[in-house]
Structure formats: C-alpha cells, structure tokens
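The structure appears below as structure tokens.
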Amino acid sequence: MKGKLLAVSGPSGVGKGTIVKTLVKRRADIAESVSCTTRAPREGEKHGREYYFLTKEEFLRRIAENDFLEYDEHFGNYYGTPKSFVRETLKEKSVILEIDVVGALNAKKAFPDCVLVMIAPPSVAELKRRLIGRGSETDAEIENRLSRLEYELSQKDNYDFVIVNDDLETAIQELEKIIDEK
Ligand code: ADP
Ligand code: 5GP
C-alpha cells in the first residue's frame, strides 16, 4: 500500500468539499473516493464526479453484494463508500473519504490505519452563513443539517486531528501536512 487512507468529516456546510477538492486538484498523488448515494444530484453535480447517483434498488443490491466499505443513511437517503475503488487507488495514491462521523468510525474499523480528520467551523453563526450562502438546500433541509451539528462536533475526541476552517488556504495546508507526515 503506497498511500494513506483519510476520512474527513464535519458538519454540512463547514467546507469539507471545498478543502478536499482544492487539495486533490493540486496533488496528483491524492485522490478523493467517489461515494454512492440515492439522493438527487444538485445543480452542477455529475454522475461519477461528486457521487455515483444510484436508485434505492441498485443501492440495496450493492449492500447485499457486500460492495461497500461502509454505508449509512442521512436525511432519508443512503450514502456509501465503494470498497474496490479504495483498495485499488491506495496502491498508487492517498485516498480521502469525505464522510460523516458514523461512516468515518466504521471506515476505521474496516481499515485501522485510516486517519480521522474533523473539520470544524470557526463559529456556529459562520457555519449557518456558509450553509445558507451555498444556496443548495431548502430552509427545512438547512434546519435538519444544523440539528446534527452538536452531535458531530461532540465526536471530536474520537478523531486524530481537528482542523478549524477559518482561513481556507490555512485549512488546506493543514490537511496536506497530515497526509505528508510519515
Ligand atoms: P461541505 O462540503 O462541508 O458541506 P462546502 O465545501 O460545500 O461544505 O462549503 C459550504 C460553503 O462555504 C461553500 O459556499 C463554500 O464556498 C464556503 N466556504 C468553504 N470554506 C470557507 C472558508 N474558509 N471561508 C468562507 N467560506 C467558505
Ligand atoms: P451531502 O448530501 O451534503 O452531499 O452529504 C450529506 C452527508 O452524507 C454528509 O454528512 C456527508 O459527509 C455524508 N456522506 C457522503 N458520502 C458518504 C459515504 O460514502 N458514507 C457515509 N457514511 N456518509 C457519506
């Protein structure tokens, strides 16, 4: 195995996607695992890039075939990490899983070397601003995502590293340092 496996978690809207995508663009030796989900694509999202968008039937079939490293249900939809992609990619590169706290702890059970990184917001008010500013969820969906905030942040102690995403570039470099550490 050449690369490191990392799970990056944090509340919805904290900036996980922005941090991970920027780092993956900069570094050919870091890849992001593309998860499967049954939720509908957001505007601009492409099948095979942000997620593999599956029907519920397809997702359930792949669970039965033991095709996921871990999977979970959020906001009424299934999300899961395809096992084969992670195994193959780790032979060449580090792999980042962008998953919630339950998924991250399950990934660590399956891969004990998995490094767990929590992205935290500078404040709850700033998190709300980002979530509303992204403009991709309804008010009810935003409330639902914020209601999980306390629980997610309470899991910090189970994590190897916590990065506060205040200045974006600083947060990206902190994640890069964790990957490059021996
Ligand atoms: P997540 O993937 O954690 O749900 P996103 O990456 O979609 O979050 O970020 C949510 C919003 O916050 C986006 O509009 C993004 O541009 C913005 N954002 C991310 N990081 C920062 C930052 N450090 N400062 C200000 N805005 C940010
Ligand atoms: P979103 O709908 O905003 O893209 O993601 C909703 C939630 O699903 C986020 O908390 C995200 O981290 C989580 N998620 C995305 N992919 C996976 C996955 O493969 N497994 C698990 N367990 N959670 C995931």
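Order determines the names: the first chain of the structure tokens is A, the second B, and so forth; residues in each chain are numbered 1 upward, and ligands are numbered 1 upward as they are shown.
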*Within 12 Å of Tyr71 (chain A), counting only C-alpha atoms, which residues show up once you throw out same-chain ones fewer than 6 positions away? Write them as a PyMOL selection string, please.*
chain A and resi 35-38+59-60+62-64+77-83+97+99-107+110
I want to know what sits within 10 Å of Tyr159 (chain A), based on only C-alpha atoms, with residues of the same chain fewer than 5 positions away left out; could you give that as a PDB file with N, CA, C and O atoms, in the first residue's frame?
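Listed below is the output, out.pdb:
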ATOM      1  N   ALA A   7     -10.193   9.819   6.495  1.00  0.00           N
ATOM      2  CA  ALA A   7     -11.616  10.138   6.488  1.00  0.00           C
ATOM      3  C   ALA A   7     -11.762  11.566   7.002  1.00  0.00           C
ATOM      4  O   ALA A   7     -11.273  11.896   8.081  1.00  0.00           O
ATOM      5  N   VAL A   8     -12.375  12.430   6.188  1.00  0.00           N
ATOM      6  CA  VAL A   8     -12.577  13.827   6.557  1.00  0.00           C
ATOM      7  C   VAL A   8     -14.063  14.035   6.838  1.00  0.00           C
ATOM      8  O   VAL A   8     -14.905  13.787   5.983  1.00  0.00           O
ATOM      9  N   SER A   9     -14.372  14.465   8.072  1.00  0.00           N
ATOM     10  CA  SER A   9     -15.762  14.667   8.470  1.00  0.00           C
ATOM     11  C   SER A   9     -15.951  16.094   8.975  1.00  0.00           C
ATOM     12  O   SER A   9     -14.982  16.842   9.167  1.00  0.00           O
ATOM     13  N   VAL A 101     -19.461  11.271  10.674  1.00  0.00           N
ATOM     14  CA  VAL A 101     -18.743  10.677  11.800  1.00  0.00           C
ATOM     15  C   VAL A 101     -19.004   9.176  11.955  1.00  0.00           C
ATOM     16  O   VAL A 101     -18.087   8.415  12.265  1.00  0.00           O
ATOM     17  N   ALA A 104     -17.046   7.440   9.250  1.00  0.00           N
ATOM     18  CA  ALA A 104     -15.604   7.511   9.488  1.00  0.00           C
ATOM     19  C   ALA A 104     -15.180   6.462  10.521  1.00  0.00           C
ATOM     20  O   ALA A 104     -14.173   5.769  10.348  1.00  0.00           O
ATOM     21  N   LEU A 105     -15.961   6.329  11.596  1.00  0.00           N
ATOM     22  CA  LEU A 105     -15.608   5.347  12.626  1.00  0.00           C
ATOM     23  C   LEU A 105     -15.737   3.922  12.075  1.00  0.00           C
ATOM     24  O   LEU A 105     -14.914   3.052  12.376  1.00  0.00           O
ATOM     25  N   VAL A 115      -6.790   7.488   8.935  1.00  0.00           N
ATOM     26  CA  VAL A 115      -6.568   8.669   9.771  1.00  0.00           C
ATOM     27  C   VAL A 115      -7.851   9.507   9.764  1.00  0.00           C
ATOM     28  O   VAL A 115      -8.374   9.829   8.692  1.00  0.00           O
ATOM     29  N   LEU A 116      -8.344   9.831  10.963  1.00  0.00           N
ATOM     30  CA  LEU A 116      -9.617  10.560  11.051  1.00  0.00           C
ATOM     31  C   LEU A 116      -9.382  12.052  11.283  1.00  0.00           C
ATOM     32  O   LEU A 116      -8.698  12.442  12.230  1.00  0.00           O
ATOM     33  N   VAL A 117      -9.925  12.873  10.384  1.00  0.00           N
ATOM     34  CA  VAL A 117      -9.744  14.327  10.451  1.00  0.00           C
ATOM     35  C   VAL A 117     -11.114  15.005  10.518  1.00  0.00           C
ATOM     36  O   VAL A 117     -11.963  14.776   9.655  1.00  0.00           O
ATOM     37  N   MET A 118     -11.309  15.821  11.545  1.00  0.00           N
ATOM     38  CA  MET A 118     -12.568  16.569  11.706  1.00  0.00           C
ATOM     39  C   MET A 118     -12.346  18.010  11.245  1.00  0.00           C
ATOM     40  O   MET A 118     -11.384  18.646  11.670  1.00  0.00           O
TER      41      MET A 118
END
Enumerate, in order of chain and increasing residue number, the residues of chain A with an atom no farther than 8 Å from ligand 1, each with its shortest atom pair and distance in Å to one decimal, counting only C-alpha atoms and all ligand atoms, as a tab-separated table.
residue	atom	partner	partner_atom_place_in_ligand_line	distance
A:Ser9	CA	ligand 1	3 (O)	7.9
A:Gly10	CA	ligand 1	3 (O)	6.3
A:Pro11	CA	ligand 1	3 (O)	6.0
A:Ser12	CA	ligand 1	4 (O)	3.8
A:Gly13	CA	ligand 1	4 (O)	3.5
A:Val14	CA	ligand 1	3 (O)	4.0
A:Gly15	CA	ligand 1	6 (O)	3.3
A:Lys16	CA	ligand 1	3 (O)	3.7
A:Gly17	CA	ligand 1	2 (O)	3.5
A:Thr18	CA	ligand 1	6 (O)	3.8
A:Ile19	CA	ligand 1	6 (O)	6.6
A:Ile119	CA	ligand 1	3 (O)	7.9
A:Leu127	CA	ligand 1	12 (O)	7.6
A:Arg129	CA	ligand 1	12 (O)	7.9
A:Arg130	CA	ligand 1	12 (O)	4.2
A:Leu131	CA	ligand 1	10 (C)	5.6
A:Gly133	CA	ligand 1	14 (O)	5.7
A:Arg134	CA	ligand 1	14 (O)	4.1
A:Gly135	CA	ligand 1	14 (O)	7.8
A:Asn165	CA	ligand 1	23 (N)	5.0
A:Asp166	CA	ligand 1	23 (N)	4.7
A:Asp167	CA	ligand 1	23 (N)	4.6
A:Leu168	CA	ligand 1	23 (N)	3.6
A:Glu169	CA	ligand 1	23 (N)	7.4
A:Ala171	CA	ligand 1	23 (N)	7.4
*Counting only C-alpha atoms, the residue of A:Ile132, A:Ala125, A:Leu23, A:Leu6 that sits nearest Leu90 (chain A)*: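 With only C-alpha atoms as the atom set, the closest residue is A:Leu6.
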Taking 3 positions as the minimum chain separation for residues in the same chain, which residues sit within 8 Å of region 143-146 of chain A when counting only C-alpha atoms? Answer as a PDB file with N, CA, C and O atoms, in the first residue's frame.
ATOM      1  N   PRO A  11     -19.516  19.062  10.059  1.00  0.00           N
ATOM      2  CA  PRO A  11     -20.913  19.396   9.762  1.00  0.00           C
ATOM      3  C   PRO A  11     -21.111  19.858   8.328  1.00  0.00           C
ATOM      4  O   PRO A  11     -20.186  20.400   7.710  1.00  0.00           O
ATOM      5  N   SER A  12     -22.310  19.626   7.820  1.00  0.00           N
ATOM      6  CA  SER A  12     -22.671  20.056   6.480  1.00  0.00           C
ATOM      7  C   SER A  12     -22.451  21.567   6.353  1.00  0.00           C
ATOM      8  O   SER A  12     -22.862  22.325   7.234  1.00  0.00           O
ATOM      9  N   PHE A  75     -30.592  12.004   6.142  1.00  0.00           N
ATOM     10  CA  PHE A  75     -31.637  12.845   5.543  1.00  0.00           C
ATOM     11  C   PHE A  75     -32.513  12.025   4.582  1.00  0.00           C
ATOM     12  O   PHE A  75     -32.889  12.491   3.506  1.00  0.00           O
ATOM     13  N   LYS A 128     -23.740  28.691   9.667  1.00  0.00           N
ATOM     14  CA  LYS A 128     -25.074  28.984   9.121  1.00  0.00           C
ATOM     15  C   LYS A 128     -24.942  29.858   7.879  1.00  0.00           C
ATOM     16  O   LYS A 128     -25.605  29.622   6.879  1.00  0.00           O
ATOM     17  N   ASP A 139     -34.945  25.675   3.352  1.00  0.00           N
ATOM     18  CA  ASP A 139     -34.815  26.069   4.758  1.00  0.00           C
ATOM     19  C   ASP A 139     -34.951  24.849   5.673  1.00  0.00           C
ATOM     20  O   ASP A 139     -34.215  24.712   6.658  1.00  0.00           O
ATOM     21  N   ALA A 140     -35.903  23.953   5.338  1.00  0.00           N
ATOM     22  CA  ALA A 140     -36.120  22.773   6.189  1.00  0.00           C
ATOM     23  C   ALA A 140     -34.889  21.868   6.154  1.00  0.00           C
ATOM     24  O   ALA A 140     -34.479  21.327   7.200  1.00  0.00           O
ATOM     25  N   LEU A 149     -25.438  19.223  14.114  1.00  0.00           N
ATOM     26  CA  LEU A 149     -24.162  19.898  14.366  1.00  0.00           C
ATOM     27  C   LEU A 149     -23.525  19.516  15.703  1.00  0.00           C
ATOM     28  O   LEU A 149     -22.357  19.130  15.761  1.00  0.00           O
TER      29      LEU A 149
END
